[in-house]
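A.B. asks: Take a look at coords09.cif, mmCIF, C-alpha atoms:
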```
data_my_file
#
loop_
_atom_site.group_PDB
_atom_site.id
_atom_site.type_symbol
_atom_site.label_atom_id
_atom_site.label_comp_id
_atom_site.auth_asym_id
_atom_site.auth_seq_id
_atom_site.Cartn_x
_atom_site.Cartn_y
_atom_site.Cartn_z
ATOM 1 C CA MET A 1 0.000 0.000 0.000
ATOM 2 C CA PRO A 2 1.496 3.409 -0.938
ATOM 3 C CA ALA A 3 2.123 5.706 1.978
ATOM 4 C CA ALA A 4 -0.533 8.358 2.499
ATOM 5 C CA ARG A 5 0.616 11.783 1.340
ATOM 6 C CA PRO A 6 0.709 14.593 3.918
ATOM 7 C CA PRO A 7 -2.234 17.023 3.545
ATOM 8 C CA ARG A 8 -1.615 20.528 2.269
ATOM 9 C CA PRO A 9 -2.503 23.279 4.730
ATOM 10 C CA ASP A 10 -5.172 24.661 2.391
ATOM 11 C CA GLU A 11 -6.705 21.279 1.597
ATOM 12 C CA PRO A 12 -10.283 20.660 2.840
ATOM 13 C CA ALA A 13 -10.418 18.163 5.670
ATOM 14 C CA THR A 14 -12.805 15.953 3.699
ATOM 15 C CA ALA A 15 -10.267 15.644 0.905
ATOM 16 C CA ARG A 16 -7.395 14.633 3.120
ATOM 17 C CA VAL A 17 -6.231 11.045 2.969
ATOM 18 C CA ALA A 18 -6.103 9.471 6.389
ATOM 19 C CA PRO A 19 -2.911 7.539 7.164
ATOM 20 C CA PRO A 20 -3.315 3.774 7.328
ATOM 21 C CA PRO A 21 -3.494 2.157 10.760
ATOM 22 C CA ALA A 22 -0.083 1.553 12.249
ATOM 23 C CA SER A 23 -0.750 -2.181 12.388
ATOM 24 C CA THR A 24 -0.841 -2.364 8.598
ATOM 25 C CA GLU A 25 2.518 -0.623 8.269
ATOM 26 C CA THR A 26 4.563 -2.180 11.070
ATOM 27 C CA PRO A 27 5.492 -5.874 11.047
ATOM 28 C CA PRO A 28 4.781 -7.698 14.307
ATOM 29 C CA ALA A 29 7.583 -7.488 16.819
ATOM 30 C CA LEU A 30 7.075 -11.094 17.951
ATOM 31 C CA ARG A 31 6.809 -14.463 16.287
ATOM 32 C CA LEU A 32 5.334 -17.521 17.945
ATOM 33 C CA GLY A 33 7.408 -20.633 17.339
ATOM 34 C CA ALA A 34 6.302 -24.225 16.957
ATOM 35 C CA ASP A 35 7.374 -24.692 20.578
ATOM 36 C CA LYS A 36 4.841 -21.985 21.571
ATOM 37 C CA ARG A 37 7.600 -19.619 22.634
ATOM 38 C CA ALA A 38 7.320 -15.993 21.568
ATOM 39 C CA ARG A 39 10.532 -14.661 20.046
ATOM 40 C CA CYS A 40 11.755 -11.466 18.442
ATOM 41 C CA TRP A 41 10.249 -11.223 14.951
ATOM 42 C CA TRP A 42 13.479 -12.080 13.103
ATOM 43 C CA ALA A 43 14.078 -15.365 14.919
ATOM 44 C CA GLY A 44 11.399 -17.567 13.433
ATOM 45 C CA SER A 45 12.367 -17.949 9.800
ATOM 46 C CA ALA A 46 15.098 -20.615 10.115
ATOM 47 C CA PRO A 47 16.373 -23.079 12.735
ATOM 48 C CA GLU A 48 19.756 -21.336 12.756
ATOM 49 C CA TYR A 49 18.090 -18.051 13.686
ATOM 50 C CA ILE A 50 16.107 -19.673 16.492
ATOM 51 C CA LYS A 51 19.204 -21.270 18.010
ATOM 52 C CA TYR A 52 21.217 -18.065 17.702
ATOM 53 C CA HIS A 53 18.414 -16.001 19.221
ATOM 54 C CA ASP A 54 17.823 -18.384 22.117
ATOM 55 C CA LEU A 55 21.433 -19.103 23.052
ATOM 56 C CA GLU A 56 23.580 -16.176 21.937
ATOM 57 C CA TRP A 57 21.995 -12.916 20.789
ATOM 58 C CA GLY A 58 21.837 -10.435 23.642
ATOM 59 C CA SER A 59 23.861 -12.608 26.039
ATOM 60 C CA ALA A 60 26.974 -11.023 27.526
ATOM 61 C CA LEU A 61 30.076 -12.172 25.656
ATOM 62 C CA HIS A 62 33.596 -11.538 26.912
ATOM 63 C CA GLY A 63 37.079 -12.436 25.759
ATOM 64 C CA ASP A 64 39.368 -10.800 23.209
ATOM 65 C CA ASP A 65 39.218 -13.651 20.686
ATOM 66 C CA SER A 66 35.466 -14.227 21.063
ATOM 67 C CA LEU A 67 34.711 -10.546 20.507
ATOM 68 C CA PHE A 68 37.163 -10.420 17.616
ATOM 69 C CA GLU A 69 35.221 -13.209 15.937
ATOM 70 C CA ARG A 70 31.945 -11.322 16.313
ATOM 71 C CA LEU A 71 33.518 -8.119 15.036
ATOM 72 C CA CYS A 72 34.807 -9.951 11.964
ATOM 73 C CA LEU A 73 31.528 -11.739 11.268
ATOM 74 C CA GLU A 74 29.564 -8.504 11.558
ATOM 75 C CA ALA A 75 31.888 -6.999 8.957
ATOM 76 C CA PHE A 76 31.483 -10.002 6.651
ATOM 77 C CA GLN A 77 27.706 -9.697 7.030
ATOM 78 C CA SER A 78 27.657 -6.215 5.480
ATOM 79 C CA GLY A 79 25.522 -6.485 2.341
ATOM 80 C CA LEU A 80 24.464 -10.053 3.134
ATOM 81 C CA SER A 81 21.926 -11.755 5.382
ATOM 82 C CA TRP A 82 22.996 -12.770 8.862
ATOM 83 C CA LEU A 83 21.610 -16.232 8.098
ATOM 84 C CA THR A 84 24.272 -16.620 5.414
ATOM 85 C CA ILE A 85 26.960 -15.828 7.969
ATOM 86 C CA LEU A 86 25.513 -18.176 10.584
ATOM 87 C CA ARG A 87 25.485 -21.046 8.120
ATOM 88 C CA LYS A 88 29.072 -20.347 7.123
ATOM 89 C CA ARG A 89 30.352 -19.705 10.665
ATOM 90 C CA PRO A 90 31.938 -23.167 11.140
ATOM 91 C CA ALA A 91 33.794 -22.693 7.861
ATOM 92 C CA PHE A 92 34.848 -19.177 8.860
ATOM 93 C CA ARG A 93 36.222 -20.491 12.135
ATOM 94 C CA GLU A 94 38.224 -23.170 10.382
ATOM 95 C CA ALA A 95 39.511 -20.806 7.704
ATOM 96 C CA PHE A 96 40.490 -18.078 10.191
ATOM 97 C CA ALA A 97 42.206 -20.269 12.817
ATOM 98 C CA GLY A 98 39.323 -19.998 15.254
ATOM 99 C CA PHE A 99 39.628 -16.204 15.124
ATOM 100 C CA VAL A 100 42.506 -16.356 17.594
ATOM 101 C CA ILE A 101 43.876 -12.844 17.266
ATOM 102 C CA ASP A 102 47.575 -13.697 17.422
ATOM 103 C CA ARG A 103 47.211 -16.453 14.827
ATOM 104 C CA VAL A 104 45.229 -14.324 12.371
ATOM 105 C CA ALA A 105 47.678 -11.466 12.824
ATOM 106 C CA ASP A 106 50.386 -13.767 11.440
ATOM 107 C CA PHE A 107 48.485 -14.532 8.217
ATOM 108 C CA ASP A 108 50.470 -13.744 5.078
ATOM 109 C CA ASP A 109 49.836 -13.530 1.333
ATOM 110 C CA ASN A 110 49.606 -17.313 1.078
ATOM 111 C CA ASP A 111 46.778 -17.255 3.602
ATOM 112 C CA VAL A 112 45.007 -14.520 1.667
ATOM 113 C CA GLN A 113 45.154 -16.606 -1.504
ATOM 114 C CA ARG A 114 43.939 -19.640 0.428
ATOM 115 C CA LEU A 115 40.973 -17.693 1.754
ATOM 116 C CA LEU A 116 40.133 -16.255 -1.660
ATOM 117 C CA SER A 117 40.056 -19.814 -3.009
ATOM 118 C CA ASP A 118 37.815 -21.139 -0.242
ATOM 119 C CA PRO A 119 34.212 -21.505 -1.492
ATOM 120 C CA THR A 120 32.881 -22.185 2.009
ATOM 121 C CA ILE A 121 33.377 -18.591 3.204
ATOM 122 C CA VAL A 122 32.565 -15.131 1.822
ATOM 123 C CA ARG A 123 35.377 -14.476 -0.625
ATOM 124 C CA ASN A 124 35.544 -10.710 -0.483
ATOM 125 C CA ARG A 125 39.127 -9.453 -0.766
ATOM 126 C CA ALA A 126 38.498 -6.186 1.067
ATOM 127 C CA LYS A 127 36.841 -7.954 4.006
ATOM 128 C CA ILE A 128 39.499 -10.660 4.190
ATOM 129 C CA ASP A 129 42.246 -8.029 4.180
ATOM 130 C CA ALA A 130 40.354 -6.095 6.866
ATOM 131 C CA VAL A 131 40.149 -9.135 9.161
ATOM 132 C CA ILE A 132 43.905 -9.716 8.956
ATOM 133 C CA HIS A 133 44.632 -6.012 9.367
ATOM 134 C CA ASN A 134 42.267 -5.765 12.341
ATOM 135 C CA ALA A 135 43.914 -8.763 13.975
ATOM 136 C CA LYS A 136 47.247 -6.970 13.832
ATOM 137 C CA VAL A 137 45.674 -3.889 15.411
ATOM 138 C CA ALA A 138 43.894 -5.952 18.077
ATOM 139 C CA ALA A 139 47.092 -7.813 18.940
ATOM 140 C CA ASP A 140 48.709 -4.518 19.926
ATOM 141 C CA LEU A 141 45.857 -3.309 22.115
ATOM 142 C CA HIS A 142 46.473 -2.919 25.815
ATOM 143 C CA PRO A 143 44.681 -3.960 27.945
ATOM 144 C CA GLY A 144 42.798 -5.659 25.093
ATOM 145 C CA LEU A 145 39.838 -5.712 22.731
ATOM 146 C CA ASN A 146 37.397 -6.890 25.394
ATOM 147 C CA ASP A 147 38.048 -3.906 27.652
ATOM 148 C CA LEU A 148 37.957 -1.462 24.744
ATOM 149 C CA LEU A 149 34.631 -2.659 23.341
ATOM 150 C CA TRP A 150 32.882 -3.041 26.681
ATOM 151 C CA SER A 151 33.894 0.482 27.680
ATOM 152 C CA PHE A 152 31.167 1.678 25.297
ATOM 153 C CA ARG A 153 28.363 -0.200 27.011
ATOM 154 C CA PRO A 154 25.602 2.314 27.800
ATOM 155 C CA GLN A 155 25.749 3.469 31.390
ATOM 156 C CA ARG A 156 21.982 3.552 31.690
ATOM 157 C CA PRO A 157 19.776 0.869 30.127
ATOM 158 C CA ARG A 158 16.997 2.264 27.995
ATOM 159 C CA PRO A 159 13.417 0.939 28.206
ATOM 160 C CA ARG A 160 12.939 -2.472 26.628
ATOM 161 C CA PRO A 161 11.735 -2.085 23.014
ATOM 162 C CA VAL A 162 8.074 -2.776 22.382
ATOM 163 C CA SER A 163 7.956 -2.457 18.602
ATOM 164 C CA LEU A 164 10.374 -2.351 15.691
ATOM 165 C CA ALA A 165 10.160 1.424 15.782
ATOM 166 C CA ASP A 166 11.877 1.353 19.175
ATOM 167 C CA LEU A 167 15.015 -0.311 17.789
ATOM 168 C CA PRO A 168 17.718 2.083 16.589
ATOM 169 C CA ALA A 169 20.199 1.312 13.839
ATOM 170 C CA ILE A 170 22.881 3.393 15.544
ATOM 171 C CA THR A 171 23.276 5.089 18.916
ATOM 172 C CA ALA A 172 25.602 7.640 20.445
ATOM 173 C CA GLU A 173 27.548 4.771 22.008
ATOM 174 C CA SER A 174 27.900 2.792 18.768
ATOM 175 C CA THR A 175 28.978 5.952 16.959
ATOM 176 C CA ALA A 176 31.594 6.598 19.618
ATOM 177 C CA MET A 177 32.760 2.973 19.470
ATOM 178 C CA ALA A 178 33.150 3.077 15.696
ATOM 179 C CA LYS A 179 35.005 6.383 15.884
ATOM 180 C CA GLU A 180 37.455 5.043 18.460
ATOM 181 C CA LEU A 181 38.009 1.776 16.584
ATOM 182 C CA LYS A 182 38.743 3.704 13.407
ATOM 183 C CA ARG A 183 41.077 6.017 15.305
ATOM 184 C CA ARG A 184 43.022 2.986 16.448
ATOM 185 C CA GLY A 185 43.225 1.666 12.883
ATOM 186 C CA PHE A 186 40.371 -0.836 12.591
ATOM 187 C CA LYS A 187 38.532 -1.210 9.282
ATOM 188 C CA PHE A 188 34.913 -2.111 8.402
ATOM 189 C CA VAL A 189 33.621 -0.794 11.721
ATOM 190 C CA GLY A 190 30.935 1.811 11.084
ATOM 191 C CA PRO A 191 28.293 2.823 13.662
ATOM 192 C CA THR A 192 25.715 0.360 12.305
ATOM 193 C CA THR A 193 28.159 -2.552 12.504
ATOM 194 C CA ALA A 194 29.157 -1.402 15.990
ATOM 195 C CA TYR A 195 25.552 -1.363 17.171
ATOM 196 C CA ALA A 196 24.870 -4.814 15.717
ATOM 197 C CA LEU A 197 27.923 -6.005 17.665
ATOM 198 C CA MET A 198 26.586 -4.412 20.839
ATOM 199 C CA GLN A 199 23.239 -6.171 20.377
ATOM 200 C CA ALA A 200 24.825 -9.530 19.622
ATOM 201 C CA THR A 201 27.219 -9.492 22.565
ATOM 202 C CA GLY A 202 24.885 -8.270 25.286
ATOM 203 C CA MET A 203 26.219 -4.736 25.628
ATOM 204 C CA VAL A 204 22.607 -3.794 24.996
ATOM 205 C CA ASP A 205 19.536 -5.998 25.372
ATOM 206 C CA ASP A 206 17.120 -5.507 22.490
ATOM 207 C CA HIS A 207 14.870 -8.509 23.016
ATOM 208 C CA VAL A 208 11.420 -6.992 22.618
ATOM 209 C CA VAL A 209 8.684 -7.001 25.238
ATOM 210 C CA GLY A 210 6.949 -10.373 25.165
ATOM 211 C CA CYS A 211 9.972 -12.324 23.895
ATOM 212 C CA TRP A 212 10.751 -15.244 26.184
ATOM 213 C CA ARG A 213 14.341 -13.999 26.421
ATOM 214 C CA ALA A 214 13.191 -10.633 27.768
ATOM 215 C CA THR A 215 13.652 -11.211 31.472
ATOM 216 C CA ASP A 216 12.960 -7.822 33.051
#
```
Show me, as structure tokens, the structure contained in the file I just sent.

C.D. replies:
Amino acid sequence: MPAARPPRPDEPATARVAPPPASTETPPALRLGADKRARCWWAGSAPEYIKYHDLEWGSALHGDDSLFERLCLEAFQSGLSWLTILRKRPAFREAFAGFVIDRVADFDDNDVQRLLSDPTIVRNRAKIDAVIHNAKVAADLHPGLNDLLWSFRPQRPRPRPVSLADLPAITAESTAMAKELKRRGFKFVGPTTAYALMQATGMVDDHVVGCWRATD
């Protein structure tokens, strides 16, 4: 349905087109699964999404290597569906030495060619180069990537989202995180990627009201 046009100030009230009800424009924020559990709307389209939603998304994640993996996968996801990345995650882990920062930082041109020849991962040269470059940057961080990323966790939790309209794509914190990561030399880390990382690793909790994972 086309969006209703805004009325002109001089237009008679009877001629104005009323906007459609919000319920026809906004997808539901929840999806009921076969197990009768209500989940965030995005989690019901594939088994991989359900497992990721129930066990990982929004749960606090710590550790330099674990957070490095998530940072890399969020970058690889740019322009693709997250489902594609989830399905390829075992292959990514094998190809990138488990995303152990010190090991990836030692990758050389032979590794780049190996990765570009690997059909089980996303073979994007710019993203592959960025992962190796970012590993080198992360290896030199002190005290470490975990402390740096978690320093941008919002100090005050915002109200739990009720609808999709309540979910931002970026925030002041994700913008600040991306700016600091870029200042330190990281690549493929814009504010949107930073906020997706914050959601995935529990720095923010965006499970919507009514989702079984929403515990407060």

A.B. asks: Compile the contact shell of range 197-214 of chain A as a PyMOL selection string: residues with an atom at most 9 Å away, counting only C-alpha atoms, same-chain residues fewer than 3 positions apart removed.

C.D. replies: chain A and resi 29-31+37-41+53-54+56-62+67+70-71+74+149-150+152-154+157-158+160-164+167+174+192-194

A.B. asks: Could you list the residues chosen by the PyMOL selection byres ((chain A and resi 102-115) around 9) in this structure as a list in words?

C.D. replies: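 The output of the PyMOL selection byres ((chain A and resi 102-115) around 9) on this file is Asp65, Ala95, Phe96, Ala97, Gly98, Phe99, Val100, Ile101, Leu116, Ser117, Asp118, Pro119, Ile121, Val122, Arg123, Arg125, Ile128, Asp129, Val131, Ile132, His133, Asn134, Ala135, Lys136, Val137, Ala138 and Ala139 of chain A.
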
A.B. asks: Which residue out of A:Ala196, A:Phe186, A:Asp147, A:Arg87 has the minimum interatomic distance to Thr171 in chain A when all atoms listed in the file are used?

C.D. replies: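 Smallest distance to Thr171 in chain A is found for A:Ala196.
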
A.B. asks: Would you work out the distance separating CA of Trp82 in chain A from CA of Leu55 in chain A, expressed in Å to one decimal?

C.D. replies: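 About the pair CA of Trp82 in chain A and CA of Leu55 in chain A: they are 15.6 Å apart.
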
A.B. asks: As an exercise, work out the distance from CA of Leu86 in chain A to CA of Pro159 in chain A in Å and give it to one decimal place.

C.D. replies: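 Between CA of Leu86 in chain A and CA of Pro159 in chain A the gap is 28.7 Å.
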
A.B. asks: With all atoms listed in the file as the basis for distance, which of A:Gly190, A:Met177, A:Pro90, A:Leu145 is at the shortest distance from Ser78 in chain A?

C.D. replies: A:Gly190

A.B. asks: Given all atoms listed in the file as the basis, pick out the residue of A:Leu148, A:Ile50, A:Ala91, A:Ala172 nearest to Leu32 in chain A.

C.D. replies: A:Ile50
